[in-house]
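Participant: The structure's right below; bear with me while I get my questions together.
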Amino acid sequence: MRQERKRNIFVTGLDPFNLRLLHSVRHAERYAFHTLYERQQITYAKSFDMAALLDEGRRVLRAFDRTVDAIVGYWDFPSILMIPILRRELGLPGPSLESVLRCQHKYWSRLEQAKALPDQVPRFALVDPFEDDPAAPPLSFPFWLKPVTAHSSLLGFLVKDVSEYRHALAETRAGIHRFARPLDVLMEYADLPAEIAEAGAWKCIAEEIISAGRQCTLEGYVLNGEAEVYGIVDSIRGPNRSSLERYEYPSALPDPVKARLRASAAKVLGQIGLDDTPFNMEFFYHAADDSLALLEINARISKSHSPLFDKVEGVPHKEVMIDVALGRKPDYPARQGAFRYAAKFMPRLYGHSADEIVTHAPSKPEIQALEEQYPGTEIQLHIEEGMQLGEDHHYDEYSYELGAI
């Protein structure tokens with residue numbers, strides 16, 4: 001009997017932790033995973049030379065001496081927009097670049113969301129941070145100000161008055177090039193409506209605050225035009241109501257609310273035209289008035305949730321990412337997990353500066369002892385003794401993430 005050929009799957013930013021999870025999916029022996037870009041190149045690099053990165057990806061894929069069956073990824077910008085370009089050039093299935101941009105470009109995404117779910121989208125406005133007179137705020141205070149594309153909440157500011165607005169604009173002008181320059185290049189590959197081409201990559205979006213209520217993330221996929229949500233994760237923010245401190249799965253929201261969330265997701269995905277991809281979508285539920293508010297849409301799985309699904313379902317939801325990339329309908333959730341509930345904790349420091357020194361961190365034996373004492377526990381430290389807080393990349397504008405538990 002002839003042995004079935006292994007499927008060659010290229011993974012952007014593949015790292016040992018996520019490779020272990022990939023090897024935990026069912027039928028992993030049928031896949032060969034290959035690295036497309038080192039993690040640093042597409043995550044925390046100080047700058048992204050997009051033309052060079054795309055050329056490097058093309059070189060690696062063309063030099064491969066076997067069939068390339070899929071290109072997948074779970075990282076945010078810029079790889080989330082690079083993958084559709086490389087897939088299209090190789091004739092691989094996946095979402096169009098334009099549909100991913102309708103998720104990734106925050107202003108374009110809000111325009112499309114408002115068409116599908118007008119009652120669930122906050123007020124928003126396009127902002128040019130380079131305007132001569134930044135004193136006139138686009139919305140009533142307070143509001144969020146963010147670049148149209150970034151990641152990890154970088155350059156995301158909660159603005160409460162004119163002085164904070166001026167400060168946010170100044171910080172944005174100083175740092176937006178890190179995201180705007182590569183986005184400029186990527187948008188050249190897309191067929192854009194005039195309004196979005198004019199908005200471009202160097203603008204910001206101001207958004208009404210919707211952080212009250214209970215936040216959750218829908219994990220799902222769209223295949224052949226059919227949207228499916230297979231899991232909902234609760235997200236709990238810290239005392240500043242901005243920085244995420246933990247995830248819990250499965251969600252504790254009432255079933256009728258979950259049904260409404262699934263219906264909203266299907267409606268907005270149809271408007272955006274997203275297809276043949278996993279997605280995650282963040283909402284807030286306000287129990288006081290029984291309302292929903294849509295925060296954002298990502299055309300990928302959330303890698304942060306993979307260990308939670310692994311513990312509860314017995315299989316990380318990276319399996320969904322693989323199945324959809326190969327054009328196969330996922331058989332998920334797996335219902336094979338050792339635990340009924342799982343959580344990811346992200347301990348944070350607030351009110352500290354980037355140049356402060358870490359004077360002590362748990363040793364590897366201490367961490368291992370904790371993991372053995374509490375079965376199912378996995379601890380990843382982001383810090384080590386002697387380093388400055390700012391040397392690590394796990395931070396936002398208001399806090400430093402010390403690790404993941």
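Residues are named by chain letter and number: chains run A, B, ... in the order of the structure tokens, numbers start at 1 in each chain, and ligands are numbered from 1 in the order shown.
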For the interface of segment 322-364 of chain A with segment 89-111 of chain A (cut-off 12 Å, counting only C-alpha atoms), please tabulate each contacting residue of segment 322-364 of chain A alongside its nearest pair of atoms and their separation in Å to one decimal, rows sorted by chain and increasing number, as a tab-separated table.

Facilitator:
```
residue	atom	partner	partner_atom	distance
A:Ile322	CA	A:Gly94	CA	11.5
A:Asp323	CA	A:Gly94	CA	11.6
A:Val324	CA	A:Gly94	CA	8.3
A:Ala325	CA	A:Gly94	CA	6.6
A:Leu326	CA	A:Pro93	CA	7.7
A:Gly327	CA	A:Pro93	CA	7.2
A:Arg328	CA	A:Pro93	CA	11.0
```

Participant: Store the residues picked out above in a file with N, CA and C atoms, as a short mmCIF file (atom, residue, chain, number, x, y, z; two decimals), in the first residue's frame.

Facilitator:
```cif
data_model
loop_
_atom_site.label_atom_id
_atom_site.label_comp_id
_atom_site.auth_asym_id
_atom_site.auth_seq_id
_atom_site.Cartn_x
_atom_site.Cartn_y
_atom_site.Cartn_z
N ILE A 322 -4.81 24.70 10.02
CA ILE A 322 -4.25 23.77 9.04
C ILE A 322 -5.35 23.25 8.11
N ASP A 323 -6.45 22.80 8.69
CA ASP A 323 -7.54 22.24 7.89
C ASP A 323 -8.04 23.25 6.85
N VAL A 324 -8.30 24.47 7.29
CA VAL A 324 -8.84 25.47 6.37
C VAL A 324 -7.83 25.80 5.27
N ALA A 325 -6.56 25.90 5.63
CA ALA A 325 -5.53 26.19 4.63
C ALA A 325 -5.43 25.10 3.58
N LEU A 326 -5.77 23.87 3.96
CA LEU A 326 -5.75 22.75 3.01
C LEU A 326 -7.11 22.54 2.34
N GLY A 327 -8.07 23.46 2.60
CA GLY A 327 -9.38 23.39 1.96
C GLY A 327 -10.28 22.32 2.54
N ARG A 328 -10.03 21.96 3.81
CA ARG A 328 -10.76 20.86 4.43
C ARG A 328 -11.61 21.40 5.58
#
```

Participant: Step one, run DSSP on the backbone; step two, keep only residues of segment 76-233 of chain A assigned to strand (DSSP E); then write them as a ChimeraX atom specification.

Facilitator: /A:124-127,143-147,157-159,204-208,214-223,226-233

Participant: Can you tell me, as a list in words, what residues are no more than 7 Å from segment 303-313 of chain A when counting only C-alpha atoms, ignoring any on the same chain fewer than 5 positions away?

Facilitator: Tyr74, Tyr249, Lys318, Pro333, Ala334, Arg335, Gln336, Gly337, Ala338, Phe339, Arg340, Tyr341, Ala342 and Ala343 of chain A

Participant: Restricted to N, CA, C and O atoms, what would the selected residues look like written as an mmCIF file, in the first residue's frame?

Facilitator:
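Now in selection_33.cif:
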```
data_model
loop_
_atom_site.group_PDB
_atom_site.id
_atom_site.type_symbol
_atom_site.label_atom_id
_atom_site.label_comp_id
_atom_site.auth_asym_id
_atom_site.auth_seq_id
_atom_site.Cartn_x
_atom_site.Cartn_y
_atom_site.Cartn_z
ATOM 1 N N TYR A 74 -0.006 32.807 12.515
ATOM 2 C CA TYR A 74 -0.841 33.209 13.649
ATOM 3 C C TYR A 74 -0.341 34.520 14.252
ATOM 4 O O TYR A 74 -0.821 34.948 15.292
ATOM 5 N N TYR A 249 -11.369 30.045 29.187
ATOM 6 C CA TYR A 249 -12.134 29.258 28.218
ATOM 7 C C TYR A 249 -12.702 28.029 28.913
ATOM 8 O O TYR A 249 -12.006 27.392 29.702
ATOM 9 N N LYS A 318 -4.898 25.292 16.408
ATOM 10 C CA LYS A 318 -4.062 25.367 15.210
ATOM 11 C C LYS A 318 -4.499 24.321 14.188
ATOM 12 O O LYS A 318 -4.230 24.470 12.988
ATOM 13 N N PRO A 333 -14.919 21.661 17.752
ATOM 14 C CA PRO A 333 -13.957 21.319 18.804
ATOM 15 C C PRO A 333 -13.763 19.814 18.975
ATOM 16 O O PRO A 333 -14.618 19.023 18.588
ATOM 17 N N ALA A 334 -12.635 19.464 19.570
ATOM 18 C CA ALA A 334 -12.247 18.064 19.629
ATOM 19 C C ALA A 334 -12.890 17.302 20.786
ATOM 20 O O ALA A 334 -13.057 16.089 20.702
ATOM 21 N N ARG A 335 -13.245 18.017 21.889
ATOM 22 C CA ARG A 335 -13.875 17.398 23.065
ATOM 23 C C ARG A 335 -13.042 16.258 23.638
ATOM 24 O O ARG A 335 -13.564 15.222 24.031
ATOM 25 N N GLN A 336 -11.723 16.442 23.685
ATOM 26 C CA GLN A 336 -10.854 15.382 24.188
ATOM 27 C C GLN A 336 -9.942 15.865 25.313
ATOM 28 O O GLN A 336 -8.994 15.194 25.684
ATOM 29 N N GLY A 337 -10.212 17.034 25.877
ATOM 30 C CA GLY A 337 -9.287 17.638 26.823
ATOM 31 C C GLY A 337 -9.308 17.020 28.208
ATOM 32 O O GLY A 337 -10.271 16.365 28.618
ATOM 33 N N ALA A 338 -8.220 17.270 28.945
ATOM 34 C CA ALA A 338 -8.090 16.759 30.305
ATOM 35 C C ALA A 338 -8.767 17.664 31.324
ATOM 36 O O ALA A 338 -8.969 17.267 32.473
ATOM 37 N N PHE A 339 -9.122 18.892 30.918
ATOM 38 C CA PHE A 339 -9.665 19.867 31.859
ATOM 39 C C PHE A 339 -10.975 20.445 31.329
ATOM 40 O O PHE A 339 -11.171 20.557 30.124
ATOM 41 N N ARG A 340 -11.841 20.843 32.262
ATOM 42 C CA ARG A 340 -13.101 21.486 31.862
ATOM 43 C C ARG A 340 -12.894 22.973 31.578
ATOM 44 O O ARG A 340 -13.623 23.566 30.783
ATOM 45 N N TYR A 341 -11.944 23.576 32.259
ATOM 46 C CA TYR A 341 -11.693 25.009 32.116
ATOM 47 C C TYR A 341 -10.188 25.247 32.019
ATOM 48 O O TYR A 341 -9.393 24.476 32.560
ATOM 49 N N ALA A 342 -9.831 26.341 31.347
ATOM 50 C CA ALA A 342 -8.426 26.725 31.265
ATOM 51 C C ALA A 342 -8.336 28.253 31.245
ATOM 52 O O ALA A 342 -9.265 28.939 30.812
ATOM 53 N N ALA A 343 -7.229 28.771 31.754
ATOM 54 C CA ALA A 343 -7.016 30.217 31.765
ATOM 55 C C ALA A 343 -5.563 30.523 31.444
ATOM 56 O O ALA A 343 -4.665 29.712 31.719
#
```

Participant: Segment 58-127 of chain A near segment 35-39 of chain A within 9 Å: what's each residue's closest atom pair and its distance in Å to one decimal, counting only C-alpha atoms, ordered by chain then ascending residue number, as CSV?

Facilitator:
```
residue,atom,partner,partner_atom,distance
A:Val60,CA,A:Leu36,CA,7.3
A:Leu61,CA,A:Leu36,CA,8.2
A:Ile71,CA,A:Leu36,CA,8.4
A:Trp75,CA,A:Arg39,CA,8.9
```

Participant: For the residues in the current selection, export all heavy atoms as a compact mmCIF listing (two decimals), in the first residue's frame.

Facilitator:
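Saved result, part_5.txt, follows:
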```txt
# COMPACT_ATOMS: atom_id res chain seq x y z
N VAL A 60 12.51 31.55 -0.64
CA VAL A 60 12.42 30.32 0.15
C VAL A 60 11.40 29.36 -0.47
O VAL A 60 11.66 28.16 -0.61
CB VAL A 60 12.04 30.66 1.61
CG1 VAL A 60 11.69 29.39 2.38
CG2 VAL A 60 13.17 31.41 2.30
N LEU A 61 10.26 29.88 -0.86
CA LEU A 61 9.20 29.02 -1.41
C LEU A 61 9.58 28.45 -2.77
O LEU A 61 9.31 27.28 -3.06
CB LEU A 61 7.90 29.82 -1.50
CG LEU A 61 7.30 30.25 -0.15
CD1 LEU A 61 6.21 31.30 -0.35
CD2 LEU A 61 6.73 29.05 0.60
N ILE A 71 0.46 27.86 3.22
CA ILE A 71 1.20 28.86 3.99
C ILE A 71 0.25 29.36 5.07
O ILE A 71 -0.86 29.80 4.77
CB ILE A 71 1.66 30.05 3.12
CG1 ILE A 71 2.47 29.56 1.91
CG2 ILE A 71 2.47 31.04 3.94
CD1 ILE A 71 2.77 30.66 0.91
N TRP A 75 0.63 35.17 13.59
CA TRP A 75 1.13 36.46 14.05
C TRP A 75 0.33 37.58 13.39
O TRP A 75 -0.27 37.40 12.34
CB TRP A 75 2.62 36.61 13.75
CG TRP A 75 3.48 35.62 14.46
CD1 TRP A 75 4.04 34.49 13.94
CD2 TRP A 75 3.85 35.63 15.85
NE1 TRP A 75 4.74 33.81 14.89
CE2 TRP A 75 4.65 34.49 16.08
CE3 TRP A 75 3.59 36.50 16.90
CZ2 TRP A 75 5.19 34.19 17.32
CZ3 TRP A 75 4.14 36.21 18.15
CH2 TRP A 75 4.93 35.06 18.35
```

Participant: Which residue, A:His34, A:Arg237, A:His286, A:Arg26, has the smallest gap to Leu14 of chain A when you use only C-alpha atoms?

Facilitator: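 Closest candidate: A:His34.
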
Participant: Mind listing the alpha helix (DSSP H) residues of segment 89-195 of chain A, per DSSP on the backbone, as a ChimeraX atom specification?

Facilitator: /A:89-90,97-104,106-116,162-175,177-187,194-195

Participant: Would you compute the distance between atom CA of Asp275 of chain A and atom CA of Leu22 of chain A? Give it in Å to one decimal.

Facilitator: 22.7 Å

Participant: Just give me the gap between atom CA of Tyr395 of chain A and atom CA of Leu381 of chain A in Å, one decimal is fine.

Facilitator: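 Taking atom CA of Tyr395 of chain A and atom CA of Leu381 of chain A, their separation equals 13.2 Å.
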
Participant: State, in Å with one decimal place, the distance from atom CA of Ala197 of chain A to atom CA of Ile176 of chain A.

Facilitator: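 According to the coordinates, atom CA of Ala197 of chain A and atom CA of Ile176 of chain A are separated by 17.7 Å.
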
Participant: Just want the 8 Å neighbourhood of Lys267 of chain A, counted on only C-alpha atoms, with same-chain residues fewer than 3 positions away dropped. Output as a list in words.

Facilitator: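 These residues fall inside the cut-off: Ala116, Leu117, Ala263, Ser264, Gly270 and Gln271 of chain A.
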
Participant: Under the rule that only C-alpha atoms are counted, which of A:Glu112, A:Glu391, A:Asp331, A:Asp289 is the nearest residue to Ala212 of chain A?

Facilitator: A:Asp289

Participant: With only C-alpha atoms as the basis for distance, which of A:Ile232, A:Ala180, A:Leu389, A:Leu186 is at the shortest distance from His151 of chain A?

Facilitator: A:Ala180

Participant: Report as a PyMOL selection string all protein, DNA and RNA residues lying within 8 Å of segment 396-400 of chain A, evaluated on only C-alpha atoms, omitting residues in the same chain fewer than 2 positions from it.

Facilitator: chain A and resi 152-157+243+348-352+389+394+402

Participant: Next, write the just-selected residues to a file, as a JSON list (two decimals), in the first residue's frame, keeping N, CA and C atoms as the atom set.

Facilitator:
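The new file out-v9.json reads:
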```json
[["chain", "number", "residue", "atom", "x", "y", "z"],
["A", 152, "SER", "N", -0.37, 44.63, 18.93],
["A", 152, "SER", "CA", -0.08, 44.55, 20.36],
["A", 152, "SER", "C", -0.39, 45.84, 21.11],
["A", 153, "SER", "N", -1.38, 46.60, 20.64],
["A", 153, "SER", "CA", -1.81, 47.85, 21.28],
["A", 153, "SER", "C", -0.74, 48.92, 21.26],
["A", 154, "LEU", "N", 0.31, 48.76, 20.45],
["A", 154, "LEU", "CA", 1.34, 49.78, 20.35],
["A", 154, "LEU", "C", 0.76, 51.03, 19.71],
["A", 155, "LEU", "N", 1.14, 52.19, 20.26],
["A", 155, "LEU", "CA", 0.64, 53.50, 19.81],
["A", 155, "LEU", "C", -0.88, 53.61, 19.94],
["A", 156, "GLY", "N", -1.44, 52.86, 20.88],
["A", 156, "GLY", "CA", -2.86, 52.99, 21.20],
["A", 156, "GLY", "C", -3.00, 53.81, 22.47],
["A", 157, "PHE", "N", -3.67, 54.96, 22.39],
["A", 157, "PHE", "CA", -3.74, 55.90, 23.52],
["A", 157, "PHE", "C", -5.18, 56.16, 23.93],
["A", 243, "SER", "N", -5.13, 47.08, 29.40],
["A", 243, "SER", "CA", -4.21, 45.95, 29.27],
["A", 243, "SER", "C", -4.89, 44.64, 29.66],
["A", 348, "ARG", "N", 1.27, 41.73, 35.08],
["A", 348, "ARG", "CA", 1.77, 42.98, 34.50],
["A", 348, "ARG", "C", 2.27, 43.93, 35.58],
["A", 349, "LEU", "N", 3.17, 44.81, 35.17],
["A", 349, "LEU", "CA", 3.62, 45.93, 36.00],
["A", 349, "LEU", "C", 3.05, 47.20, 35.39],
["A", 350, "TYR", "N", 2.43, 48.03, 36.24],
["A", 350, "TYR", "CA", 1.88, 49.31, 35.81],
["A", 350, "TYR", "C", 2.70, 50.44, 36.44],
["A", 351, "GLY", "N", 2.79, 51.54, 35.74],
["A", 351, "GLY", "CA", 3.43, 52.72, 36.29],
["A", 351, "GLY", "C", 4.94, 52.63, 36.39],
["A", 352, "HIS", "N", 5.56, 51.79, 35.60],
["A", 352, "HIS", "CA", 7.02, 51.66, 35.60],
["A", 352, "HIS", "C", 7.58, 52.16, 34.28],
["A", 389, "LEU", "N", 13.29, 46.61, 31.63],
["A", 389, "LEU", "CA", 11.92, 46.24, 31.26],
["A", 389, "LEU", "C", 11.67, 46.45, 29.78],
["A", 394, "HIS", "N", 7.04, 42.52, 25.18],
["A", 394, "HIS", "CA", 5.69, 42.24, 25.66],
["A", 394, "HIS", "C", 5.19, 43.41, 26.53],
["A", 402, "LEU", "N", 4.99, 40.50, 32.30],
["A", 402, "LEU", "CA", 6.16, 39.82, 32.87],
["A", 402, "LEU", "C", 6.28, 38.37, 32.41]]
```

Participant: Can you list, as number ranges by chain, every protein, DNA or RNA residue that comes within 12 Å of Val162 of chain A when you count only C-alpha atoms, leaving out same-chain residues fewer than 4 positions away?

Facilitator: A: 133-143, 158, 166-169

Participant: Would you mind exporting C-alpha atoms of the selected residues as an mmCIF file, in the first residue's frame?

Facilitator:
```
data_model
loop_
_atom_site.group_PDB
_atom_site.id
_atom_site.type_symbol
_atom_site.label_atom_id
_atom_site.label_comp_id
_atom_site.auth_asym_id
_atom_site.auth_seq_id
_atom_site.Cartn_x
_atom_site.Cartn_y
_atom_site.Cartn_z
ATOM 1 C CA ASP A 133 -3.640 72.134 14.017
ATOM 2 C CA PRO A 134 -4.152 69.057 16.193
ATOM 3 C CA ALA A 135 -6.074 70.906 18.905
ATOM 4 C CA ALA A 136 -9.569 70.164 17.591
ATOM 5 C CA PRO A 137 -10.516 66.660 18.790
ATOM 6 C CA PRO A 138 -12.454 64.476 16.312
ATOM 7 C CA LEU A 139 -14.766 63.043 19.012
ATOM 8 C CA SER A 140 -15.920 64.006 22.477
ATOM 9 C CA PHE A 141 -13.465 63.040 25.206
ATOM 10 C CA PRO A 142 -12.554 60.418 26.220
ATOM 11 C CA PHE A 143 -11.720 58.308 23.154
ATOM 12 C CA LEU A 158 -6.674 56.532 25.806
ATOM 13 C CA ARG A 166 -1.555 66.457 21.726
ATOM 14 C CA HIS A 167 0.751 64.006 23.516
ATOM 15 C CA ALA A 168 -0.778 61.008 21.689
ATOM 16 C CA LEU A 169 -0.386 62.738 18.332
#
```

Participant: My list of candidates is A:Met82, A:Val315, A:Cys216, A:Leu223. Which is closest to Ala51 of chain A when distances are computed with only C-alpha atoms?

Facilitator: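 Ranked by minimum distance to Ala51 of chain A, first place goes to A:Met82.
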